[in-house]
file model_11.cif (mmCIF, C-alpha atoms and all ligand atoms)
data_start
loop_
_atom_site.group_PDB
_atom_site.id
_atom_site.type_symbol
_atom_site.label_atom_id
_atom_site.label_comp_id
_atom_site.auth_asym_id
_atom_site.auth_seq_id
_atom_site.Cartn_x
_atom_site.Cartn_y
_atom_site.Cartn_z
ATOM 1 C CA MET F 151 0.000 0.000 0.000
ATOM 2 C CA LYS F 152 1.541 3.288 -1.156
ATOM 3 C CA ILE F 153 0.183 6.542 0.271
ATOM 4 C CA ALA F 154 1.422 9.991 -0.730
ATOM 5 C CA ILE F 155 0.953 12.908 1.647
ATOM 6 C CA ILE F 156 0.893 16.317 -0.011
ATOM 7 C CA ASN F 157 0.826 19.506 2.033
ATOM 8 C CA GLY F 158 0.223 22.985 0.689
ATOM 9 C CA PRO F 159 1.235 26.506 1.671
ATOM 10 C CA ASN F 160 2.382 27.419 5.169
ATOM 11 C CA LEU F 161 2.098 23.862 6.458
ATOM 12 C CA ASN F 162 5.918 23.808 6.584
ATOM 13 C CA LEU F 163 5.484 26.132 9.570
ATOM 14 C CA LEU F 164 3.397 23.707 11.633
ATOM 15 C CA GLY F 165 4.629 23.743 15.214
ATOM 16 C CA THR F 166 5.104 27.503 15.308
ATOM 17 C CA ARG F 167 2.258 28.716 13.082
ATOM 18 C CA GLU F 168 -0.855 29.737 15.063
ATOM 19 C CA PRO F 169 -0.453 26.919 17.629
ATOM 20 C CA SER F 170 -3.912 27.623 19.076
ATOM 21 C CA VAL F 171 -5.378 26.559 15.711
ATOM 22 C CA TYR F 172 -2.850 24.022 14.389
ATOM 23 C CA GLY F 173 -1.135 22.679 17.541
ATOM 24 C CA SER F 174 2.526 22.761 18.507
ATOM 25 C CA GLU F 175 3.839 19.619 16.803
ATOM 26 C CA THR F 176 5.845 19.932 13.602
ATOM 27 C CA PHE F 177 4.674 17.879 10.638
ATOM 28 C CA GLU F 178 8.058 16.139 10.547
ATOM 29 C CA GLN F 179 7.527 14.871 14.136
ATOM 30 C CA TYR F 180 4.000 13.723 13.324
ATOM 31 C CA TYR F 181 5.113 12.072 10.077
ATOM 32 C CA GLU F 182 7.694 9.983 11.965
ATOM 33 C CA THR F 183 4.985 8.686 14.343
ATOM 34 C CA LEU F 184 2.653 7.959 11.452
ATOM 35 C CA GLN F 185 5.310 5.902 9.674
ATOM 36 C CA LYS F 186 5.953 3.873 12.857
ATOM 37 C CA ASP F 187 2.236 3.316 13.459
ATOM 38 C CA PHE F 188 1.582 2.018 9.931
ATOM 39 C CA PRO F 189 4.651 -0.090 9.035
ATOM 40 C CA GLN F 190 2.671 -1.791 6.266
ATOM 41 C CA VAL F 191 2.291 1.515 4.408
ATOM 42 C CA GLU F 192 4.946 2.944 2.109
ATOM 43 C CA PHE F 193 4.592 6.688 2.662
ATOM 44 C CA SER F 194 5.948 9.599 0.698
ATOM 45 C CA TYR F 195 5.729 13.232 1.751
ATOM 46 C CA PHE F 196 5.836 16.446 -0.267
ATOM 47 C CA GLN F 197 5.197 20.037 0.803
ATOM 48 C CA SER F 198 5.184 23.171 -1.296
ATOM 49 C CA ASN F 199 4.047 26.750 -0.964
ATOM 50 C CA VAL F 200 3.664 26.942 -4.765
ATOM 51 C CA GLU F 201 0.358 25.985 -6.420
ATOM 52 C CA GLY F 202 1.925 24.720 -9.678
ATOM 53 C CA GLU F 203 4.389 22.520 -7.774
ATOM 54 C CA LEU F 204 1.478 20.884 -5.953
ATOM 55 C CA ILE F 205 -0.210 20.203 -9.301
ATOM 56 C CA ASN F 206 3.042 18.823 -10.741
ATOM 57 C CA HIS F 207 3.420 16.519 -7.743
ATOM 58 C CA LEU F 208 -0.191 15.286 -7.932
ATOM 59 C CA GLN F 209 0.453 14.381 -11.569
ATOM 60 C CA ALA F 210 3.805 12.766 -10.716
ATOM 61 C CA VAL F 211 2.436 10.382 -8.053
ATOM 62 C CA GLY F 212 -1.209 10.213 -9.080
ATOM 63 C CA PHE F 213 -0.849 7.225 -11.401
ATOM 64 C CA SER F 214 1.310 5.031 -9.172
ATOM 65 C CA VAL F 215 0.198 5.311 -5.535
ATOM 66 C CA ASP F 216 -2.855 3.695 -3.924
ATOM 67 C CA GLY F 217 -4.043 6.856 -2.244
ATOM 68 C CA ILE F 218 -3.233 10.504 -1.630
ATOM 69 C CA LEU F 219 -3.823 12.607 1.484
ATOM 70 C CA LEU F 220 -4.018 16.200 0.265
ATOM 71 C CA ASN F 221 -4.019 19.167 2.602
ATOM 72 C CA ALA F 222 -3.971 21.949 0.030
ATOM 73 C CA ALA F 223 -4.282 24.507 2.866
ATOM 74 C CA ALA F 224 -5.388 27.924 1.534
ATOM 75 C CA TYR F 225 -5.398 26.673 -2.095
ATOM 76 C CA THR F 226 -8.308 24.428 -1.113
ATOM 77 C CA HIS F 227 -10.488 27.511 -1.159
ATOM 78 C CA THR F 228 -9.140 29.108 -4.337
ATOM 79 C CA SER F 229 -7.645 26.613 -6.769
ATOM 80 C CA VAL F 230 -9.618 25.388 -9.766
ATOM 81 C CA GLY F 231 -6.305 23.977 -11.030
ATOM 82 C CA LEU F 232 -5.849 21.674 -8.029
ATOM 83 C CA GLY F 233 -9.447 20.455 -8.326
ATOM 84 C CA ASP F 234 -8.855 19.701 -12.015
ATOM 85 C CA ALA F 235 -5.610 17.854 -11.156
ATOM 86 C CA VAL F 236 -7.430 15.665 -8.615
ATOM 87 C CA LYS F 237 -10.003 14.833 -11.320
ATOM 88 C CA ALA F 238 -7.275 14.071 -13.864
ATOM 89 C CA ILE F 239 -5.343 11.448 -11.867
ATOM 90 C CA ASP F 240 -6.190 7.814 -11.073
ATOM 91 C CA ALA F 241 -5.366 7.665 -7.361
ATOM 92 C CA PRO F 242 -8.181 8.340 -4.887
ATOM 93 C CA VAL F 243 -7.608 11.534 -2.893
ATOM 94 C CA VAL F 244 -8.730 12.273 0.660
ATOM 95 C CA GLU F 245 -8.954 15.987 1.491
ATOM 96 C CA ILE F 246 -7.374 16.760 4.860
ATOM 97 C CA HIS F 247 -7.746 19.729 7.194
ATOM 98 C CA ILE F 248 -6.218 20.008 10.640
ATOM 99 C CA SER F 249 -8.713 22.631 11.809
ATOM 100 C CA ASN F 250 -12.479 22.510 11.421
ATOM 101 C CA THR F 251 -12.707 24.835 8.440
ATOM 102 C CA PHE F 252 -16.508 24.994 8.798
ATOM 103 C CA ALA F 253 -16.165 26.522 12.264
ATOM 104 C CA ARG F 254 -13.918 29.298 10.886
ATOM 105 C CA GLU F 255 -14.305 32.211 8.443
ATOM 106 C CA SER F 256 -16.879 31.719 5.689
ATOM 107 C CA PHE F 257 -14.226 31.820 2.916
ATOM 108 C CA ARG F 258 -12.895 28.546 4.367
ATOM 109 C CA HIS F 259 -16.270 26.843 3.828
ATOM 110 C CA GLN F 260 -15.683 26.829 0.067
ATOM 111 C CA SER F 261 -13.572 23.971 -1.340
ATOM 112 C CA TYR F 262 -12.640 23.246 -4.949
ATOM 113 C CA LEU F 263 -11.533 19.789 -3.808
ATOM 114 C CA SER F 264 -14.507 18.456 -1.827
ATOM 115 C CA PRO F 265 -16.689 17.693 -4.909
ATOM 116 C CA VAL F 266 -13.915 15.652 -6.559
ATOM 117 C CA VAL F 267 -12.279 13.742 -3.678
ATOM 118 C CA LYS F 268 -13.099 10.323 -2.239
ATOM 119 C CA GLY F 269 -13.703 11.749 1.234
ATOM 120 C CA ILE F 270 -12.800 14.462 3.681
ATOM 121 C CA MET F 271 -11.199 14.483 7.150
ATOM 122 C CA VAL F 272 -11.688 17.852 8.790
ATOM 123 C CA GLY F 273 -10.990 19.165 12.276
ATOM 124 C CA PHE F 274 -9.260 16.303 14.085
ATOM 125 C CA GLY F 275 -5.942 18.100 14.480
ATOM 126 C CA LEU F 276 -2.988 16.292 12.939
ATOM 127 C CA ASP F 277 -4.915 13.059 13.463
ATOM 128 C CA SER F 278 -6.986 14.016 10.397
ATOM 129 C CA TYR F 279 -4.018 12.473 8.508
ATOM 130 C CA ARG F 280 -4.172 9.268 10.605
ATOM 131 C CA LEU F 281 -7.902 8.952 9.896
ATOM 132 C CA GLY F 282 -7.165 9.493 6.226
ATOM 133 C CA VAL F 283 -4.638 6.639 6.250
ATOM 134 C CA MET F 284 -7.176 4.397 7.994
ATOM 135 C CA SER F 285 -9.761 5.188 5.327
ATOM 136 C CA PHE F 286 -7.461 3.593 2.742
ATOM 137 C CA LEU F 287 -6.751 0.535 4.901
ATOM 138 C CA THR F 288 -10.344 -0.410 5.699
ATOM 139 C CA PRO F 289 -12.118 -2.148 2.819
HETATM 140 C C1 LIG F 301 -6.027 24.125 6.685
HETATM 141 C C2 LIG F 301 -7.251 25.048 6.681
HETATM 142 C C3 LIG F 301 -7.111 26.131 5.623
HETATM 143 O O1 LIG F 301 -8.247 26.973 5.640
HETATM 144 C C4 LIG F 301 -5.883 26.991 5.900
HETATM 145 O O2 LIG F 301 -5.708 27.943 4.875
HETATM 146 C C5 LIG F 301 -4.661 26.187 6.126
HETATM 147 C C6 LIG F 301 -4.736 24.917 6.840
HETATM 148 C C7 LIG F 301 -6.089 23.097 7.835
HETATM 149 O O3 LIG F 301 -5.364 22.104 7.746
HETATM 150 O O4 LIG F 301 -6.820 23.289 8.809
HETATM 151 O O5 LIG F 301 -3.556 26.630 5.795
HETATM 152 O O6 LIG F 301 -6.005 23.410 5.465
#
call {"tool": "encode", "arguments": {"input": "model_11.cif", "output": "structure tokens", "more": "lines below"}}
Ligand code: DQA
result
Amino acid sequence: MKIAIINGPNLNLLGTREPSVYGSETFEQYYETLQKDFPQVEFSYFQSNVEGELINHLQAVGFSVDGILLNAAAYTHTSVGLGDAVKAIDAPVVEIHISNTFARESFRHQSYLSPVVKGIMVGFGLDSYRLGVMSFLTP
């Protein structure tokens, strides 16, 4: 089972960025735990602050992995291009959000990904990623 994790803009700052919203753990720390907890999964991880790089990476892995966990961060709410990329690839994508975007500003209620993904994990802190992994493991 191959799962690609793709994180969008500003998620490289997890740990120091708005800890009251996103917690105080870095993604690198969390990713290490995740890899230990699911030894049967071959993970890859990519983060970029650049929309086109996220699209390039979706296309690069989207025909060879079994699933993708995509936290497109702010681009979730703005990017037609990312939504089109999700539609264009074979791998099922789960949309991930650390915070409950529906409990925040109204511009975060809009997603160009939600209509085209397999499912959505929203608001469980970093464990939204863990739940996303589990969604690929359960039949
Ligand atoms: C986020 C929610 C987005 O609205 C925000 O722009 C982010 C992170 C989350 O994981 O909660 O950068 O995707």
call {"tool": "atom_distance", "arguments": {"input": "model_11.cif", "atom1": "CA of Phe188 in chain F", "atom2": "CA of Thr288 in chain F"}}
result
12.9 Å
call {"tool": "residues_near_ligand", "arguments": {"input": "model_11.cif", "ligand": "ligand LIG 301 (chain F)", "cutoff": "10 Å", "atoms": "only C-alpha atoms and all ligand atoms", "output": "short mmCIF file (atom, residue, chain, number, x, y, z; two decimals) with C-alpha atoms, in the coordinates of the input"}}
result
data_model
loop_
_atom_site.label_atom_id
_atom_site.label_comp_id
_atom_site.auth_asym_id
_atom_site.auth_seq_id
_atom_site.Cartn_x
_atom_site.Cartn_y
_atom_site.Cartn_z
CA ASN F 157 0.83 19.51 2.03
CA GLY F 158 0.22 22.98 0.69
CA PRO F 159 1.24 26.51 1.67
CA ASN F 160 2.38 27.42 5.17
CA LEU F 161 2.10 23.86 6.46
CA ASN F 162 5.92 23.81 6.58
CA LEU F 163 5.48 26.13 9.57
CA LEU F 164 3.40 23.71 11.63
CA ARG F 167 2.26 28.72 13.08
CA VAL F 171 -5.38 26.56 15.71
CA TYR F 172 -2.85 24.02 14.39
CA LEU F 220 -4.02 16.20 0.26
CA ASN F 221 -4.02 19.17 2.60
CA ALA F 222 -3.97 21.95 0.03
CA ALA F 223 -4.28 24.51 2.87
CA ALA F 224 -5.39 27.92 1.53
CA TYR F 225 -5.40 26.67 -2.10
CA THR F 226 -8.31 24.43 -1.11
CA HIS F 227 -10.49 27.51 -1.16
CA THR F 228 -9.14 29.11 -4.34
CA GLU F 245 -8.95 15.99 1.49
CA ILE F 246 -7.37 16.76 4.86
CA HIS F 247 -7.75 19.73 7.19
CA ILE F 248 -6.22 20.01 10.64
CA SER F 249 -8.71 22.63 11.81
CA ASN F 250 -12.48 22.51 11.42
CA THR F 251 -12.71 24.84 8.44
CA PHE F 252 -16.51 24.99 8.80
CA ARG F 254 -13.92 29.30 10.89
CA GLU F 255 -14.30 32.21 8.44
CA SER F 256 -16.88 31.72 5.69
CA PHE F 257 -14.23 31.82 2.92
CA ARG F 258 -12.90 28.55 4.37
CA HIS F 259 -16.27 26.84 3.83
CA GLN F 260 -15.68 26.83 0.07
CA SER F 261 -13.57 23.97 -1.34
CA MET F 271 -11.20 14.48 7.15
CA VAL F 272 -11.69 17.85 8.79
CA GLY F 273 -10.99 19.16 12.28
CA PHE F 274 -9.26 16.30 14.08
CA GLY F 275 -5.94 18.10 14.48
CA LEU F 276 -2.99 16.29 12.94
CA SER F 278 -6.99 14.02 10.40
CA TYR F 279 -4.02 12.47 8.51
#
call {"tool": "resolve_selection", "arguments": {"input": "model_11.cif", "expression": "the PyMOL selection byres (((chain F and resi 231-236) around 8) and not hetatm)", "output": "list in words"}}
result
Glu201, Leu204, Ile205, Leu208, Gln209, Tyr225, Thr226, Ser229, Val230, Lys237, Ala238, Ile239, Val243, Tyr262, Leu263, Val266 and Val267 of chain F
call {"tool": "write_last_selection", "arguments": {"input": "model_11.cif", "atoms": "C-alpha atoms", "output": "JSON list (two decimals), in the frame of the given file"}}
result
[["chain", "number", "residue", "atom", "x", "y", "z"],
["F", 201, "GLU", "CA", 0.36, 25.98, -6.42],
["F", 204, "LEU", "CA", 1.48, 20.88, -5.95],
["F", 205, "ILE", "CA", -0.21, 20.20, -9.30],
["F", 208, "LEU", "CA", -0.19, 15.29, -7.93],
["F", 209, "GLN", "CA", 0.45, 14.38, -11.57],
["F", 225, "TYR", "CA", -5.40, 26.67, -2.10],
["F", 226, "THR", "CA", -8.31, 24.43, -1.11],
["F", 229, "SER", "CA", -7.64, 26.61, -6.77],
["F", 230, "VAL", "CA", -9.62, 25.39, -9.77],
["F", 237, "LYS", "CA", -10.00, 14.83, -11.32],
["F", 238, "ALA", "CA", -7.28, 14.07, -13.86],
["F", 239, "ILE", "CA", -5.34, 11.45, -11.87],
["F", 243, "VAL", "CA", -7.61, 11.53, -2.89],
["F", 262, "TYR", "CA", -12.64, 23.25, -4.95],
["F", 263, "LEU", "CA", -11.53, 19.79, -3.81],
["F", 266, "VAL", "CA", -13.92, 15.65, -6.56],
["F", 267, "VAL", "CA", -12.28, 13.74, -3.68]]
call {"tool": "residues_around", "arguments": {"input": "model_11.cif", "residues": "Lys268 in chain F", "least_positions_apart": "6", "cutoff": "10 Å", "atoms": "only C-alpha atoms", "output": "tab-separated table (two decimals) with C-alpha atoms, in the coordinates of the input"}}
result
chain	number	residue	atom	x	y	z
F	217	GLY	CA	-4.04	6.86	-2.24
F	218	ILE	CA	-3.23	10.50	-1.63
F	241	ALA	CA	-5.37	7.66	-7.36
F	242	PRO	CA	-8.18	8.34	-4.89
F	243	VAL	CA	-7.61	11.53	-2.89
F	244	VAL	CA	-8.73	12.27	0.66
F	245	GLU	CA	-8.95	15.99	1.49
F	285	SER	CA	-9.76	5.19	5.33
call {"tool": "closest_residue", "arguments": {"input": "model_11.cif", "among": "F:Val283, F:Asn199, F:Pro265, F:Asp277", "to": "Gly173 in chain F", "atoms": "all atoms listed in the file"}}
result
F:Asp277
